[in-house]
Amino acid sequence: MTAALDRRFGPFDGGVWLNCAHQGPLPHPARDAALDAVAAKTAPARMTDEAFTDVPARLRSALARLIGANDDDVLLANSTSYTLNVVAQGLAWRAGDEVVCVDGDFPATVLPWRTLQDKGVRVKLIGDGDARIDADTVAAAIGPRTRVVCLSWVFSFFGHAVDIASIARATREHDVWCVINASQAVGARPLNVASLDIDALACCGFKWLCGPYATGFGWLRPQLRAQLDYPQPHWLRAQSARGLDRALDYSLPDNVTASAFDVFANANFFNYAPLAAAVEMLGDIGIERIAAHDQQLIDELIQSLEGSKYELLSPASGEQRSTLVYLSHRDAAANERIAQGLKQRRIAIAQREGRLRVAPHLYNSTADITRLTEALSELG
Ligand SMILES: Cc1ncc(COP(=O)(O)O)c(C=O)c1O
């Protein structure tokens with residue numbers, strides 16, 4: 001029997017939330033930080049001047065610690081798409097350049113590059129549509145005009161993880177930038193960007209990091225950052241760099257850190273304070289421990305499927321197994337009815353592309369998995 005790893009979540013109103021791949025619930029310290037931010041905006045005298053710089057700095061540090069990065073290489077975003085667009089729009093392109101993406105990847109990973117079509121940039125989709133690719137497939141797809149390879153670490157519609165270490169090694173050997181969408185992984189899988197050859201990472205804050213919507217972050221390798229022409233001047237950033245007594249100085253700051261690409265969000269305490277609290281909490285618990293907990297629950301779920309009317313569609317074991325588990329009734333046409341039955345029983349999972357997706361995280365327990373498997377068996 002596995003208990004919830006942390007009880008600072010919920011209440012879930014009698015329901016079971018097994019849909020973290022869609023969105024994660026705010027933990028209590030994050031909820032409290034959000035309520036404090038609302039209180040400070042309700043009575044502004046409570047809001048300190050220091051918070052304008054301290055809150056984003058604290059968030060940047062918490063995110064950097066989570067992925068083994070330097071604070072200077074982390075940008076604050078409002079989504080995954082934001083960082084991917086900074087890279088896509090910031091690089092200099094020539095007609096005939098190529099970007100390699102994966103057929104079957106989440107659209108946010110592909111669309112930013114599609115906008116470059118009018119500059120003559122081609123998006124090449126690789127694989128057979130089920131996103132099952134490896135370093136050899138990627139290396140084989142790289143041609144003389146390939147500039148970027150962009151793909152997810154964990155695939156939303158199939159549930160498997162790819163080996164980003166060997167893929168990034170292959171792109172580095174070919175002198176091609178490697179850009180990773182880690183939205184379905186960071187918070188549930190340990191990551192140390194310093195040990196990888198990837199060049200940029202984009203992530204949202206509202207799934208496995210259990211932060212609010214309209215949050216996200218990016219990590220940019222300094223060599224890639226130096227290539228980006230994406231002016232994002234914000235008066236407060238310029239002013240903080242110079243000191244508050246030189247407000248009427250219109251010169252641009254000489255900011256060479258990734259914060260130069262932060263999304264405009266002056267005093268975004270409603271979002272940044274709770275995301276910082278959530279990320280610090282996960283970091284304190286330890287991502288290794290969280291990953292082990294989540295995988296234990298997934299073992300229990302997979303074991304319960306043996307000899308049942310359901311088949312497992314995502315990997316059963318190994319490094320390719322993620323925290324997204326895809327199932328289908330052996331009669332796939334029954335999945336719609338089963339999803340409705342689970343909803344009536346207040347068991348939240350997702351239905352994607354006709355398949356059932358279960359995504360547990362640190363607030364789930366064996367009791368939640370049992371409630372799901374018993375319902376699946378009744379409905380099957
Ligand atoms: C792999 C992946 N990337 C990105 C997103 C979300 O993109 P954004 O943060 O830009 O809304 C999702 C899900 O919503 C996702 O599954």
# chains A, B, ... in the order shown; residues from 1 in each chain; ligands from 1
>>> residues_near_ligand(ligand="ligand 1", cutoff="10 Å", atoms="only C-alpha atoms and all ligand atoms", output="PyMOL selection string")
chain A and resi 21-23+77-85+105-110+151-157+159+180-185+202-207+213-217
>>> select_by_dssp(residues="region 61-145 of chain A", states="strand (DSSP E or B)", output="list of chain:residue names")
A:Val74, A:Leu75, A:Leu76, A:Ala77, A:Glu98, A:Val99, A:Val100, A:Cys101, A:Val102, A:Arg122, A:Val123, A:Lys124, A:Leu125, A:Ile126
>>> write_last_selection(atoms="all heavy atoms", output="CSV table (one decimal), in the first residue's frame")
chain,number,residue,atom,x,y,z
A,74,VAL,N,18.0,30.9,-17.1
A,74,VAL,CA,16.6,30.6,-17.0
A,74,VAL,C,15.7,31.8,-17.3
A,74,VAL,O,16.0,32.9,-16.8
A,74,VAL,CB,16.2,30.1,-15.6
A,74,VAL,CG1,14.7,29.9,-15.4
A,74,VAL,CG2,16.9,28.7,-15.3
A,75,LEU,N,14.7,31.7,-18.2
A,75,LEU,CA,13.8,32.8,-18.5
A,75,LEU,C,12.4,32.4,-17.9
A,75,LEU,O,12.1,31.3,-17.9
A,75,LEU,CB,13.8,33.1,-20.0
A,75,LEU,CG,13.2,32.1,-20.9
A,75,LEU,CD1,11.7,32.2,-21.0
A,75,LEU,CD2,13.8,32.3,-22.3
A,76,LEU,N,11.7,33.5,-17.5
A,76,LEU,CA,10.4,33.3,-17.0
A,76,LEU,C,9.4,33.4,-18.1
A,76,LEU,O,9.4,34.5,-18.9
A,76,LEU,CB,10.1,34.3,-15.9
A,76,LEU,CG,11.1,34.2,-14.7
A,76,LEU,CD1,10.7,35.2,-13.6
A,76,LEU,CD2,11.1,32.7,-14.1
A,77,ALA,N,8.5,32.5,-18.3
A,77,ALA,CA,7.5,32.5,-19.4
A,77,ALA,C,6.1,32.4,-18.9
A,77,ALA,O,5.9,32.3,-17.7
A,77,ALA,CB,7.9,31.3,-20.3
A,98,GLU,N,16.1,24.2,-42.4
A,98,GLU,CA,15.2,23.1,-42.1
A,98,GLU,C,15.1,22.9,-40.6
A,98,GLU,O,16.2,23.0,-39.9
A,98,GLU,CB,15.8,21.8,-42.7
A,98,GLU,CG,14.8,20.8,-43.1
A,98,GLU,CD,15.5,19.7,-43.9
A,98,GLU,OE1,16.3,19.0,-43.3
A,98,GLU,OE2,15.3,19.6,-45.1
A,99,VAL,N,14.0,22.6,-40.1
A,99,VAL,CA,13.8,22.2,-38.7
A,99,VAL,C,13.2,20.8,-38.6
A,99,VAL,O,12.2,20.5,-39.4
A,99,VAL,CB,12.8,23.2,-38.0
A,99,VAL,CG1,12.6,22.8,-36.5
A,99,VAL,CG2,13.4,24.6,-38.0
A,100,VAL,N,13.8,19.9,-37.8
A,100,VAL,CA,13.3,18.6,-37.7
A,100,VAL,C,12.4,18.5,-36.5
A,100,VAL,O,12.8,18.8,-35.4
A,100,VAL,CB,14.4,17.6,-37.6
A,100,VAL,CG1,13.9,16.2,-37.3
A,100,VAL,CG2,15.2,17.5,-39.0
A,101,CYS,N,11.1,18.0,-36.7
A,101,CYS,CA,10.2,17.8,-35.6
A,101,CYS,C,9.7,16.3,-35.7
A,101,CYS,O,10.0,15.7,-36.7
A,101,CYS,CB,9.0,18.8,-35.7
A,101,CYS,SG,9.4,20.5,-35.4
A,102,VAL,N,8.9,15.9,-34.8
A,102,VAL,CA,8.4,14.5,-34.7
A,102,VAL,C,6.9,14.4,-35.0
A,102,VAL,O,6.1,15.2,-34.4
A,102,VAL,CB,8.7,13.9,-33.4
A,102,VAL,CG1,8.2,12.5,-33.2
A,102,VAL,CG2,10.2,13.9,-33.1
A,122,ARG,N,11.7,25.1,-43.9
A,122,ARG,CA,10.9,23.9,-44.0
A,122,ARG,C,10.9,23.1,-42.7
A,122,ARG,O,11.9,22.9,-42.1
A,122,ARG,CB,11.5,23.0,-45.1
A,122,ARG,CG,10.6,21.8,-45.5
A,122,ARG,CD,11.1,21.2,-46.8
A,122,ARG,NE,12.2,20.2,-46.5
A,122,ARG,CZ,11.9,18.9,-46.4
A,122,ARG,NH1,10.7,18.4,-46.6
A,122,ARG,NH2,12.9,18.1,-46.2
A,123,VAL,N,9.7,22.6,-42.3
A,123,VAL,CA,9.6,21.8,-41.1
A,123,VAL,C,9.5,20.3,-41.7
A,123,VAL,O,8.6,20.0,-42.4
A,123,VAL,CB,8.3,22.1,-40.3
A,123,VAL,CG1,8.2,21.1,-39.1
A,123,VAL,CG2,8.4,23.5,-39.7
A,124,LYS,N,10.4,19.5,-41.2
A,124,LYS,CA,10.5,18.1,-41.7
A,124,LYS,C,10.0,17.2,-40.5
A,124,LYS,O,10.6,17.3,-39.4
A,124,LYS,CB,11.9,17.8,-42.0
A,124,LYS,CG,12.2,16.4,-42.6
A,124,LYS,CD,13.6,16.4,-43.0
A,124,LYS,CE,14.1,15.1,-43.4
A,124,LYS,NZ,15.5,15.1,-43.8
A,125,LEU,N,8.9,16.5,-40.7
A,125,LEU,CA,8.3,15.7,-39.7
A,125,LEU,C,8.9,14.3,-39.8
A,125,LEU,O,8.8,13.7,-40.9
A,125,LEU,CB,6.8,15.6,-39.8
A,125,LEU,CG,6.0,16.9,-39.3
A,125,LEU,CD1,4.6,16.7,-39.6
A,125,LEU,CD2,6.3,17.2,-37.9
A,126,ILE,N,9.4,13.7,-38.8
A,126,ILE,CA,10.0,12.4,-38.9
A,126,ILE,C,9.2,11.4,-38.1
A,126,ILE,O,8.5,11.7,-37.2
A,126,ILE,CB,11.5,12.4,-38.4
A,126,ILE,CG1,11.6,12.8,-36.9
A,126,ILE,CG2,12.4,13.2,-39.3
A,126,ILE,CD1,13.0,12.5,-36.3
>>> closest_residue(among="A:Ala30, A:Leu327, A:Ile67, A:Val55", to="Cys210 (chain A)", atoms="only C-alpha atoms")
A:Ala30
>>> residues_around(residues="Gly104 (chain A)", least_positions_apart="4", cutoff="7 Å", atoms="only C-alpha atoms", output="list in words")
Gly129, Asp130 and Ala131 of chain A
>>> closest_residue(among="A:Asp49, A:Asp294, A:Asp97, A:Asp331", to="Arg355 (chain A)", atoms="only C-alpha atoms")
A:Asp331
>>> select_by_dssp(residues="region 163-273 of chain A", states="alpha helix (DSSP H)", output="VMD selection string")
chain A and resid 164 to 173 222 to 225 235 to 242 269 to 273
>>> residues_around(residues="region 268-278 of chain A", least_positions_apart="6", cutoff="8 Å", atoms="only C-alpha atoms", output="list in words")
Leu26, Pro27, Pro29, Ala30, Arg31, Asp32, Ala33, Ala34, Ala37, Val38, Val55, Pro56, Arg58, Leu59, Ala62, Leu63, Gly205, Leu209, Cys210, Gly211, Pro212, Tyr213, Ala214 and Thr215 of chain A
